[in-house]
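Text of start-v5.csv (CSV, C-alpha atoms and all ligand atoms) as supplied:
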```csv
chain,number,residue,atom,x,y,z
F,1,MET,CA,94.7,10.6,105.5
F,2,THR,CA,92.8,11.3,108.8
F,3,ILE,CA,91.2,14.7,109.3
F,4,PRO,CA,92.0,16.1,112.8
F,5,THR,CA,88.5,17.1,113.9
F,6,THR,CA,88.1,18.4,117.4
F,7,PHE,CA,84.9,18.3,119.4
F,8,GLN,CA,84.7,22.1,119.2
F,9,ARG,CA,84.9,22.1,115.5
F,10,LEU,CA,82.4,19.2,115.1
F,11,PHE,CA,79.7,20.4,117.5
F,12,ASP,CA,80.5,24.1,118.0
F,13,ARG,CA,80.9,23.9,121.7
F,14,PRO,CA,83.3,22.1,124.2
F,15,PRO,CA,82.5,18.7,125.7
F,16,ASP,CA,80.9,18.4,129.2
F,17,THR,CA,83.0,15.4,130.0
F,18,THR,CA,85.8,13.2,128.8
F,19,ALA,CA,86.2,9.5,129.7
F,20,SER,CA,88.4,6.7,128.6
F,21,ALA,CA,89.1,3.0,129.0
F,22,PRO,CA,92.1,0.9,128.1
F,23,GLY,CA,92.4,-2.1,125.7
F,24,ARG,CA,93.4,-5.4,127.3
F,25,VAL,CA,95.7,-8.2,126.7
F,26,ASN,CA,94.9,-11.6,128.2
F,27,LEU,CA,97.9,-13.4,129.8
F,28,ILE,CA,96.2,-16.7,129.9
F,29,GLY,CA,92.7,-18.2,130.3
F,30,GLU,CA,91.3,-18.1,126.8
F,31,HIS,CA,87.8,-19.2,125.8
F,32,THR,CA,87.2,-20.0,129.5
F,33,ASP,CA,84.9,-17.0,130.3
F,34,TYR,CA,81.8,-18.2,128.6
F,35,ASN,CA,82.4,-21.6,130.3
F,36,GLY,CA,82.3,-20.0,133.8
F,37,GLY,CA,86.0,-20.4,134.2
F,38,PHE,CA,89.1,-18.3,135.1
F,39,VAL,CA,90.9,-15.6,133.1
F,40,LEU,CA,94.0,-13.4,133.8
F,41,PRO,CA,93.9,-10.2,131.6
F,42,THR,CA,95.8,-6.9,132.1
F,43,VAL,CA,95.6,-3.5,130.5
F,44,ILE,CA,97.6,-2.2,127.6
F,45,PRO,CA,98.6,1.5,127.2
F,46,GLN,CA,96.4,2.0,124.2
F,47,ARG,CA,93.0,3.5,125.1
F,48,THR,CA,89.7,4.7,123.7
F,49,THR,CA,88.6,8.2,124.7
F,50,VAL,CA,85.0,9.5,124.5
F,51,GLU,CA,84.2,13.2,124.7
F,52,LEU,CA,80.5,13.9,125.3
F,53,ALA,CA,78.1,16.9,125.8
F,54,ARG,CA,74.5,16.5,126.8
F,55,ARG,CA,71.8,17.7,124.5
F,56,ALA,CA,68.3,19.0,125.4
F,57,ASP,CA,66.7,16.7,122.8
F,58,ASP,CA,67.0,12.9,122.2
F,59,ARG,CA,69.4,13.1,119.3
F,60,VAL,CA,72.7,11.2,119.7
F,61,ARG,CA,75.2,12.6,117.2
F,62,VAL,CA,78.5,10.7,117.0
F,63,TRP,CA,81.8,11.2,115.3
F,64,SER,CA,84.4,8.5,115.3
F,65,ALA,CA,87.9,9.7,114.6
F,66,SER,CA,88.9,6.0,114.3
F,67,VAL,CA,86.7,5.2,111.3
F,68,GLN,CA,86.5,8.9,110.2
F,69,ALA,CA,82.8,8.8,110.0
F,70,GLY,CA,79.7,10.2,111.7
F,71,ALA,CA,76.3,8.9,112.4
F,72,GLU,CA,73.2,9.9,114.4
F,73,TYR,CA,70.1,8.3,115.9
F,74,ALA,CA,67.5,9.0,118.6
F,75,ALA,CA,68.1,7.8,122.2
F,76,GLY,CA,65.3,5.3,123.0
F,77,ARG,CA,64.8,4.4,119.4
F,78,GLU,CA,67.9,2.4,118.7
F,79,VAL,CA,67.8,0.0,115.8
F,80,PRO,CA,70.8,-2.2,114.8
F,81,ARG,CA,72.5,-1.1,111.6
F,82,HIS,CA,75.2,-3.7,111.6
F,83,ASP,CA,77.8,-1.0,111.6
F,84,TRP,CA,80.2,0.6,114.2
F,85,ILE,CA,77.4,2.9,115.4
F,86,ASP,CA,75.7,-0.1,117.0
F,87,TYR,CA,78.3,0.0,119.8
F,88,VAL,CA,77.1,3.4,120.7
F,89,GLN,CA,73.4,2.6,120.1
F,90,GLY,CA,73.9,-0.5,122.2
F,91,ILE,CA,75.1,1.5,125.2
F,92,THR,CA,72.2,4.0,125.3
F,93,HIS,CA,69.9,1.1,124.7
F,94,VAL,CA,71.1,-1.0,127.6
F,95,LEU,CA,71.3,2.1,129.9
F,96,ARG,CA,67.7,3.0,129.2
F,97,GLU,CA,66.6,-0.6,129.5
F,98,ALA,CA,68.3,-0.8,132.9
F,99,GLY,CA,66.2,2.3,134.0
F,100,PHE,CA,68.8,5.0,133.7
F,101,ARG,CA,67.6,8.3,132.3
F,102,VAL,CA,69.8,8.9,129.3
F,103,GLY,CA,68.9,11.5,126.6
F,104,GLY,CA,70.6,12.9,123.5
F,105,ALA,CA,74.3,13.8,123.4
F,106,ASP,CA,77.0,14.9,121.1
F,107,VAL,CA,79.8,12.4,121.1
F,108,ARG,CA,83.3,12.2,119.8
F,109,ILE,CA,85.3,8.9,119.9
F,110,GLU,CA,89.0,8.5,119.4
F,111,SER,CA,91.0,5.3,120.0
F,112,SER,CA,94.5,4.0,119.8
F,113,VAL,CA,93.4,0.4,120.4
F,114,PRO,CA,93.7,-1.2,116.9
F,115,LEU,CA,90.5,-2.7,115.6
F,116,GLY,CA,90.5,-6.5,115.1
F,117,SER,CA,93.7,-7.0,117.0
F,118,GLY,CA,92.3,-9.2,119.7
F,119,LEU,CA,92.9,-6.5,122.3
F,120,SER,CA,89.3,-5.6,123.1
F,121,SER,CA,88.8,-2.5,121.0
F,122,SER,CA,85.0,-3.2,121.4
F,123,ALA,CA,85.1,-3.5,125.2
F,124,ALA,CA,87.3,-0.4,125.5
F,125,LEU,CA,84.8,1.6,123.5
F,126,GLU,CA,81.8,0.2,125.5
F,127,ILE,CA,83.4,1.0,128.9
F,128,ALA,CA,84.6,4.5,127.7
F,129,LEU,CA,81.1,5.3,126.5
F,130,LEU,CA,79.5,4.0,129.7
F,131,ARG,CA,81.8,6.1,131.8
F,132,ALA,CA,81.1,9.2,129.7
F,133,PHE,CA,77.3,8.7,129.7
F,134,ALA,CA,77.4,7.9,133.5
F,135,ARG,CA,79.3,11.1,134.2
F,136,ALA,CA,77.4,13.4,131.9
F,137,PHE,CA,73.9,12.1,133.1
F,138,ASP,CA,74.9,11.6,136.8
F,139,LEU,CA,74.3,7.9,136.8
F,140,ALA,CA,75.6,5.9,139.8
F,141,VAL,CA,77.1,2.7,138.2
F,142,ASP,CA,80.0,0.8,139.8
F,143,ALA,CA,82.7,-0.9,137.8
F,144,VAL,CA,81.3,-4.4,137.9
F,145,PRO,CA,77.7,-3.5,136.8
F,146,LEU,CA,79.3,-1.2,134.2
F,147,ALA,CA,81.1,-4.2,132.8
F,148,ARG,CA,77.9,-6.2,132.7
F,149,LEU,CA,76.1,-3.4,130.8
F,150,GLY,CA,78.9,-3.4,128.3
F,151,GLN,CA,78.7,-7.1,127.7
F,152,ARG,CA,74.9,-6.8,127.5
F,153,ALA,CA,75.2,-4.1,124.8
F,154,GLU,CA,77.5,-6.4,122.8
F,155,ASN,CA,75.5,-9.6,123.2
F,156,ALA,CA,72.0,-8.3,122.9
F,157,PHE,CA,72.4,-5.3,120.6
F,158,VAL,CA,75.6,-5.7,118.5
F,159,GLY,CA,75.0,-9.4,118.3
F,160,ALA,CA,78.5,-10.6,119.3
F,161,PRO,CA,78.3,-13.5,121.7
F,162,CYS,CA,81.3,-12.6,123.9
F,163,GLY,CA,81.9,-13.5,127.5
F,164,ILE,CA,82.5,-11.1,130.3
F,165,MET,CA,86.3,-11.0,130.4
F,166,ASP,CA,87.0,-8.1,128.2
F,167,GLN,CA,84.5,-5.7,129.8
F,168,MET,CA,85.7,-6.6,133.3
F,169,ALA,CA,89.3,-6.1,132.2
F,170,CYS,CA,88.7,-2.7,130.6
F,171,SER,CA,86.6,-1.7,133.6
F,172,LEU,CA,88.8,-3.0,136.4
F,173,ALA,CA,92.3,-4.0,135.4
F,174,GLU,CA,95.3,-1.9,136.3
F,175,ASP,CA,98.7,-1.4,134.8
F,176,GLY,CA,101.4,-3.7,136.3
F,177,PHE,CA,98.8,-6.2,137.6
F,178,ALA,CA,96.8,-9.0,136.1
F,179,LEU,CA,93.1,-9.3,137.0
F,180,PHE,CA,92.6,-12.8,138.2
F,181,LEU,CA,88.9,-13.2,137.6
F,182,ASP,CA,86.4,-16.0,138.3
F,183,THR,CA,83.9,-15.4,135.5
F,184,ARG,CA,81.3,-17.4,137.3
F,185,THR,CA,81.1,-15.3,140.5
F,186,LEU,CA,82.9,-12.2,139.1
F,187,ALA,CA,85.2,-12.4,142.2
F,188,PHE,CA,88.5,-11.0,141.4
F,189,ASP,CA,92.0,-10.3,142.7
F,190,ARG,CA,94.9,-8.3,141.3
F,191,VAL,CA,98.2,-10.2,140.9
F,192,ALA,CA,101.5,-8.5,140.1
F,193,LEU,CA,103.8,-9.8,137.3
F,194,PRO,CA,106.9,-11.5,138.5
F,195,PRO,CA,109.9,-9.2,139.0
F,196,GLY,CA,112.4,-9.2,136.1
F,197,VAL,CA,109.8,-9.8,133.3
F,198,GLU,CA,107.8,-7.6,131.0
F,199,LEU,CA,105.2,-8.3,128.3
F,200,ALA,CA,105.5,-7.7,124.6
F,201,VAL,CA,102.3,-7.6,122.5
F,202,ILE,CA,102.6,-7.9,118.8
F,203,ASN,CA,99.6,-7.5,116.4
F,204,SER,CA,99.9,-9.9,113.5
F,205,GLY,CA,98.0,-7.6,111.1
F,206,VAL,CA,95.6,-10.4,110.4
F,207,SER,CA,92.2,-9.1,111.6
F,208,HIS,CA,89.8,-11.1,113.7
F,209,ARG,CA,86.1,-10.7,114.2
F,210,ILE,CA,84.1,-12.3,117.1
F,211,THR,CA,80.8,-11.5,115.4
F,212,GLY,CA,81.9,-14.1,112.8
F,213,GLY,CA,80.8,-17.7,112.9
F,214,ASP,CA,83.9,-19.4,114.4
F,215,TYR,CA,83.6,-17.9,117.9
F,216,ARG,CA,79.9,-18.8,117.9
F,217,ALA,CA,80.7,-22.3,116.8
F,218,ARG,CA,83.2,-22.8,119.6
F,219,ARG,CA,80.6,-21.7,122.1
F,220,ARG,CA,78.1,-24.1,120.7
F,221,GLU,CA,80.6,-27.0,120.8
F,222,CYS,CA,81.2,-26.2,124.5
F,223,GLU,CA,77.4,-26.3,125.2
F,224,GLU,CA,77.1,-29.6,123.3
F,225,ALA,CA,80.0,-31.1,125.4
F,226,CYS,CA,78.2,-29.9,128.6
F,227,ALA,CA,74.9,-31.5,127.5
F,228,ALA,CA,76.7,-34.8,126.7
F,229,LEU,CA,78.6,-34.9,130.0
F,230,GLY,CA,75.6,-33.8,132.1
F,231,VAL,CA,77.3,-30.7,133.5
F,232,ALA,CA,76.0,-27.1,133.6
F,233,GLN,CA,79.3,-25.5,132.5
F,234,LEU,CA,82.8,-26.9,131.6
F,235,ARG,CA,84.0,-25.1,134.7
F,236,ASP,CA,82.3,-27.9,136.7
F,237,LEU,CA,85.1,-30.2,135.5
F,238,GLU,CA,88.6,-30.4,136.7
F,239,VAL,CA,91.8,-32.0,135.4
F,240,ALA,CA,91.0,-35.1,137.4
F,241,ASP,CA,87.8,-35.5,135.3
F,242,LEU,CA,89.7,-35.5,132.0
F,243,PRO,CA,89.1,-39.3,131.5
F,244,ARG,CA,85.4,-38.6,131.3
F,245,LEU,CA,85.9,-36.6,128.1
F,246,ALA,CA,86.8,-39.8,126.3
F,247,SER,CA,83.1,-40.5,125.9
F,248,LEU,CA,82.7,-37.4,123.7
F,249,PRO,CA,82.9,-37.2,119.9
F,250,PRO,CA,86.6,-36.4,119.1
F,251,VAL,CA,86.0,-32.7,118.3
F,252,LEU,CA,84.1,-32.0,121.4
F,253,GLU,CA,86.6,-33.9,123.5
F,254,ARG,CA,89.4,-31.6,122.2
F,255,ARG,CA,87.3,-28.5,122.8
F,256,ALA,CA,86.4,-29.6,126.4
F,257,ARG,CA,90.0,-30.6,127.1
F,258,HIS,CA,91.3,-27.2,126.1
F,259,VAL,CA,88.8,-25.5,128.5
F,260,VAL,CA,89.4,-27.8,131.4
F,261,THR,CA,93.2,-27.7,131.1
F,262,GLU,CA,93.2,-23.9,130.4
F,263,ASP,CA,91.3,-23.3,133.7
F,264,GLN,CA,94.0,-25.2,135.5
F,265,ARG,CA,96.7,-23.2,133.7
F,266,VAL,CA,95.2,-20.0,134.9
F,267,LEU,CA,95.4,-21.2,138.5
F,268,ASP,CA,98.9,-22.4,138.0
F,269,ALA,CA,99.9,-19.1,136.3
F,270,VAL,CA,98.6,-17.2,139.4
F,271,ALA,CA,100.6,-19.5,141.6
F,272,ALA,CA,103.7,-18.9,139.4
F,273,MET,CA,103.2,-15.1,139.5
F,274,ARG,CA,102.8,-15.1,143.3
F,275,ALA,CA,106.0,-17.2,143.6
F,276,GLY,CA,107.8,-14.9,141.2
F,277,ASP,CA,108.6,-17.8,138.9
F,278,ALA,CA,109.0,-16.4,135.4
F,279,ALA,CA,110.1,-19.7,133.9
F,280,ALA,CA,107.0,-21.5,135.1
F,281,LEU,CA,104.7,-18.7,133.9
F,282,GLY,CA,106.4,-18.8,130.4
F,283,ALA,CA,105.9,-22.6,130.2
F,284,LEU,CA,102.2,-22.1,130.9
F,285,PHE,CA,102.0,-19.5,128.1
F,286,ASP,CA,103.6,-22.1,125.7
F,287,ALA,CA,101.2,-24.9,126.8
F,288,SER,CA,98.2,-22.6,126.4
F,289,HIS,CA,99.2,-21.8,122.9
F,290,VAL,CA,99.6,-25.5,122.0
F,291,SER,CA,96.1,-26.2,123.5
F,292,MET,CA,94.5,-23.3,121.6
F,293,ARG,CA,96.2,-24.4,118.4
F,294,ASP,CA,95.6,-28.2,118.6
F,295,ASP,CA,92.6,-28.7,120.8
F,296,TYR,CA,90.6,-25.5,120.4
F,297,GLU,CA,91.7,-24.8,116.9
F,298,VAL,CA,91.5,-21.0,117.1
F,299,SER,CA,95.0,-20.2,115.9
F,300,ILE,CA,96.1,-19.6,112.3
F,301,PRO,CA,99.4,-20.4,110.6
F,302,GLU,CA,100.6,-16.7,110.7
F,303,ILE,CA,100.1,-16.6,114.5
F,304,ASP,CA,101.8,-20.0,115.0
F,305,LEU,CA,104.8,-18.7,113.1
F,306,MET,CA,104.9,-15.6,115.1
F,307,VAL,CA,104.8,-17.6,118.4
F,308,ALA,CA,107.5,-19.9,117.1
F,309,VAL,CA,109.8,-17.0,116.2
F,310,ALA,CA,109.2,-15.4,119.6
F,311,ARG,CA,110.0,-18.7,121.3
F,312,ARG,CA,113.4,-18.7,119.6
F,313,GLN,CA,114.5,-15.4,121.2
F,314,GLU,CA,116.8,-15.9,124.1
F,315,GLU,CA,115.1,-13.4,126.3
F,316,VAL,CA,111.7,-15.0,126.0
F,317,TYR,CA,110.1,-17.2,128.7
F,318,GLY,CA,106.9,-18.0,126.7
F,319,ALA,CA,104.6,-16.8,124.0
F,320,ARG,CA,101.0,-17.4,123.0
F,321,LEU,CA,98.1,-16.2,120.9
F,322,THR,CA,96.0,-13.8,123.0
F,323,GLY,CA,92.2,-13.1,122.7
F,324,GLY,CA,89.6,-14.9,120.7
F,325,GLY,CA,91.9,-16.0,117.9
F,326,PHE,CA,91.6,-16.5,114.1
F,327,GLY,CA,94.1,-13.7,113.8
F,328,GLY,CA,94.9,-10.8,116.2
F,329,SER,CA,97.9,-10.6,118.5
F,330,ILE,CA,100.4,-12.6,120.5
F,331,VAL,CA,101.6,-11.9,124.0
F,332,VAL,CA,105.2,-12.6,124.9
F,333,LEU,CA,106.7,-13.0,128.4
F,334,ALA,CA,110.2,-11.5,128.1
F,335,ARG,CA,113.1,-10.6,130.3
F,336,ARG,CA,112.6,-7.1,131.8
F,337,GLY,CA,114.0,-4.4,129.5
F,338,THR,CA,114.0,-6.6,126.4
F,339,GLY,CA,110.3,-6.5,125.3
F,340,ARG,CA,110.6,-3.8,122.6
F,341,ALA,CA,113.8,-5.4,121.1
F,342,VAL,CA,112.2,-8.9,121.2
F,343,GLY,CA,109.0,-7.5,119.6
F,344,GLU,CA,110.9,-5.8,116.8
F,345,ALA,CA,113.0,-8.9,116.1
F,346,VAL,CA,109.9,-11.0,115.9
F,347,LEU,CA,108.2,-8.5,113.7
F,348,ARG,CA,111.1,-8.4,111.2
F,349,GLU,CA,111.2,-12.1,110.8
F,350,TYR,CA,107.4,-12.5,110.6
F,351,ASP,CA,107.0,-9.7,108.1
F,352,ARG,CA,109.8,-11.2,105.9
F,353,GLN,CA,108.2,-14.7,106.0
F,354,THR,CA,104.5,-13.8,105.7
F,355,GLY,CA,104.4,-10.5,103.7
F,356,GLN,CA,102.1,-9.2,106.5
F,357,HIS,CA,102.7,-6.0,108.4
F,358,ALA,CA,102.9,-6.7,112.1
F,359,THR,CA,103.1,-4.0,114.8
F,360,VAL,CA,104.7,-4.0,118.2
F,361,LEU,CA,102.0,-2.5,120.5
F,362,VAL,CA,103.6,-3.2,123.9
F,363,PRO,CA,106.0,-1.9,125.1
F,364,PRO,CA,105.0,1.2,123.1
F,365,GLY,CA,107.6,2.8,120.9
F,366,ALA,CA,109.6,5.9,122.0
F,401,LIG,C1,86.9,-12.5,122.9
F,401,LIG,C2,85.7,-12.5,123.8
F,401,LIG,F1,85.1,-11.2,123.7
F,401,LIG,C3,86.0,-12.8,125.2
F,401,LIG,O1,84.8,-12.8,126.0
F,401,LIG,C4,86.7,-14.1,125.4
F,401,LIG,O2,85.8,-15.2,125.1
F,401,LIG,C5,87.9,-14.2,124.4
F,401,LIG,O3,87.5,-13.8,123.1
F,401,LIG,C6,88.6,-15.5,124.4
F,401,LIG,O4,89.2,-15.8,125.6
F,401,LIG,O5,87.8,-11.6,123.3
```

Have the structure of the file written as structure tokens, please.
Ligand code: GAF
Amino acid sequence: MTIPTTFQRLFDRPPDTTASAPGRVNLIGEHTDYNGGFVLPTVIPQRTTVELARRADDRVRVWSASVQAGAEYAAGREVPRHDWIDYVQGITHVLREAGFRVGGADVRIESSVPLGSGLSSSAALEIALLRAFARAFDLAVDAVPLARLGQRAENAFVGAPCGIMDQMACSLAEDGFALFLDTRTLAFDRVALPPGVELAVINSGVSHRITGGDYRARRRECEEACAALGVAQLRDLEVADLPRLASLPPVLERRARHVVTEDQRVLDAVAAMRAGDAAALGALFDASHVSMRDDYEVSIPEIDLMVAVARRQEEVYGARLTGGGFGGSIVVLARRGTGRAVGEAVLREYDRQTGQHATVLVPPGA
């Protein structure tokens, strides 16, 4: 049972400011961001909201309605506790490190982005916190530096070695458009979904964690592949360079092949979206899933099953694992108006076969 605890009841005063940020779903371009490559995420309706009131001292008192727990610490004396509060401590830590004057605050967090769903609950929290602190303490930080600060908090304080995609998506993406981002330069463009399609996002109920060893292992394998090939980043290779990968040990060859072909699939997906070609975009979703499953090996049997069930639906153009993998969610490209029904049909079959409890997150229920 969750206790409805308002800011007023927690802190005996109203908040000075309220800020929020959405979760994200990545359409295509997975595990390319830390290789300097391309990604194509968009926002989901689920959001994280932060209410905040400044304090005269340095205490930061935080209540999270999501975890139904509170914690406090002193701004400027953040120490990792390997707990959810590290996301908040990480934000005040990086803001102060960057020279911003941030003191104590009372903070209440609430989120509808499910944790461990591969939909960036962490980045949504980081961006919502950054927006709230920026507003309450009058800090001038634009959307791109804000995303960089969020990533820094996660890399350097929380200890999760993520790339920049999620923070950029939560900071800059907009409903109805995908954010076509070059993670090397952070140049971006907004691309509309083809007419006549909509997305369905289904959470498998199998939780993922990117602080875990598998994500880190994939990053290391990419670095090893780069060192063996004499390139700075896998982004430096193109599909025409694929024959060069044959010189690598088989595991590294597969990892590098995923990244190089996935970068190309992002470019092809943008072209398909601009041409309004839903069938071509769906085929790229399918190919991306196969590459993540066989070459990058970040899928799991439950997710493969869910993708296969989705692919069998008549209204579906393509489906794939989205996010870091090892659990989480799938994204489905479906005919417009059918996303919810498709999601529910997939969920029923998946729950029956796996005994897991999946949830259709997009389109949201009535
Ligand atoms: C996670 C990471 F946080 C992102 O940076 C990205 O690498 C993604 O996994 C895989 O594409 O969400």

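When the distance limit is 8 Å and only C-alpha atoms are what count, the residues near Ser112 of chain F, minus those fewer than 4 positions from it on the same chain, are F:Gln46, F:Arg47, F:Thr48.
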
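Comparing F:Gln353, F:Thr32, F:Asn26, F:Gln8 by their smallest distance to Thr261 of chain F, the closest is F:Thr32 (using all atoms listed in the file).
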
Select the residues contacting ligand LIG 401 (chain F) at a distance of at most 8 Å, based on all atoms listed in the file, then format the selection as a PDB file with C-alpha atoms, in the frame of the given file.
```pdb
ATOM      1  CA  ASN F  26      94.900 -11.600 128.200  1.00  0.00           C
ATOM      2  CA  GLY F  29      92.700 -18.200 130.300  1.00  0.00           C
ATOM      3  CA  GLU F  30      91.300 -18.100 126.800  1.00  0.00           C
ATOM      4  CA  HIS F  31      87.800 -19.200 125.800  1.00  0.00           C
ATOM      5  CA  THR F  32      87.200 -20.000 129.500  1.00  0.00           C
ATOM      6  CA  ASP F  33      84.900 -17.000 130.300  1.00  0.00           C
ATOM      7  CA  TYR F  34      81.800 -18.200 128.600  1.00  0.00           C
ATOM      8  CA  VAL F  39      90.900 -15.600 133.100  1.00  0.00           C
ATOM      9  CA  GLY F 118      92.300  -9.200 119.700  1.00  0.00           C
ATOM     10  CA  LEU F 119      92.900  -6.500 122.300  1.00  0.00           C
ATOM     11  CA  SER F 120      89.300  -5.600 123.100  1.00  0.00           C
ATOM     12  CA  ALA F 123      85.100  -3.500 125.200  1.00  0.00           C
ATOM     13  CA  ALA F 160      78.500 -10.600 119.300  1.00  0.00           C
ATOM     14  CA  PRO F 161      78.300 -13.500 121.700  1.00  0.00           C
ATOM     15  CA  CYS F 162      81.300 -12.600 123.900  1.00  0.00           C
ATOM     16  CA  GLY F 163      81.900 -13.500 127.500  1.00  0.00           C
ATOM     17  CA  ILE F 164      82.500 -11.100 130.300  1.00  0.00           C
ATOM     18  CA  MET F 165      86.300 -11.000 130.400  1.00  0.00           C
ATOM     19  CA  ASP F 166      87.000  -8.100 128.200  1.00  0.00           C
ATOM     20  CA  ILE F 210      84.100 -12.300 117.100  1.00  0.00           C
ATOM     21  CA  TYR F 215      83.600 -17.900 117.900  1.00  0.00           C
ATOM     22  CA  THR F 322      96.000 -13.800 123.000  1.00  0.00           C
ATOM     23  CA  GLY F 323      92.200 -13.100 122.700  1.00  0.00           C
ATOM     24  CA  GLY F 324      89.600 -14.900 120.700  1.00  0.00           C
ATOM     25  CA  GLY F 325      91.900 -16.000 117.900  1.00  0.00           C
TER      26      GLY F 325
END
```

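At a cut-off of 12 Å from (94.1, 7.0, 121.1), the residue set is Ala19, Ser20, Ala21, Pro22, Gly23, Ile44, Pro45, Gln46, Arg47, Thr48, Thr49, Val50, Ser64, Ala65, Ser66, Ile109, Glu110, Ser111, Ser112, Val113, Pro114, Leu115, Ser121, Ala124, Leu125 and Ala128 of chain F (counting only C-alpha atoms).
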
Here is a test: counting all atoms listed in the file, which residue of F:Asp175, F:Asp16, F:Asp295, F:Asp286 is nearest to Leu333 of chain F?
F:Asp286

Of the candidates F:Ala319, F:Cys170, F:Leu10, F:Ala98, which one gets nearest to Glu51 of chain F if we count only C-alpha atoms?
F:Leu10

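Each of F:Ala280, F:Glu221, F:Met273, F:Ala69 was checked against Arg257 of chain F using only C-alpha atoms; the smallest atom-to-atom distance is that of F:Glu221.
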
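For the residues F:Thr18, F:Thr185, F:Thr42, F:Ser122, ranking by smallest atom-to-atom distance to Asp106 of chain F using all atoms listed in the file places F:Thr18 first.
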
Just checking: using only C-alpha atoms, which residue out of F:Ala136, F:Ala246, F:Val231, F:Val201 ends up closest to Leu347 of chain F?
F:Val201

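Computed from the coordinates, the atom CA of Ala345 of chain F to atom CA of Ala283 of chain F distance equals 20.9 Å.
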
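Once Ala228 of chain F and its same-chain neighbours fewer than 5 positions away are set aside, F:Glu223, F:Ser247, F:Leu248 remain within 9 Å of it when counting only C-alpha atoms.
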
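Interatomic distance, atom CA of Gly150 of chain F to atom CA of Gly103 of chain F: 18.0 Å.
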
What lies within 10 Å of Val316 of chain F using all atoms listed in the file, ignoring chain neighbours under 2 positions off, as a PyMOL selection string?
chain F and resi 197-200+278-279+282+310-314+318-319+332-336+338-339+342

Distance in Å - atom CA of Thr92 of chain F versus atom CA of Phe7 of chain F
20.0 Å

Distance query Gln264 of chain F at most 9 Å, all atoms listed in the file, self and fewer than 2 positions along chain excluded, as a VMD selection string:
chain F and resid 29 38 238 to 239 259 to 262 266 to 269

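Around segment 186-195 of chain F, within 7 Å and counting all atoms listed in the file, the residues found are Gly176, Phe177, Ala178, Leu179, Phe180, Leu181, Asp182, Thr183, Met273, Gly276, Asp277 and Ala278 of chain F, once anything fewer than 3 positions away on its own chain is removed.
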
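Within a radius of 7 Å around (75.3, 14.8, 115.0), the polymer residues are Val60, Arg61, Val62, Ala71, Glu72 and Asp106 of chain F, counting all atoms listed in the file.
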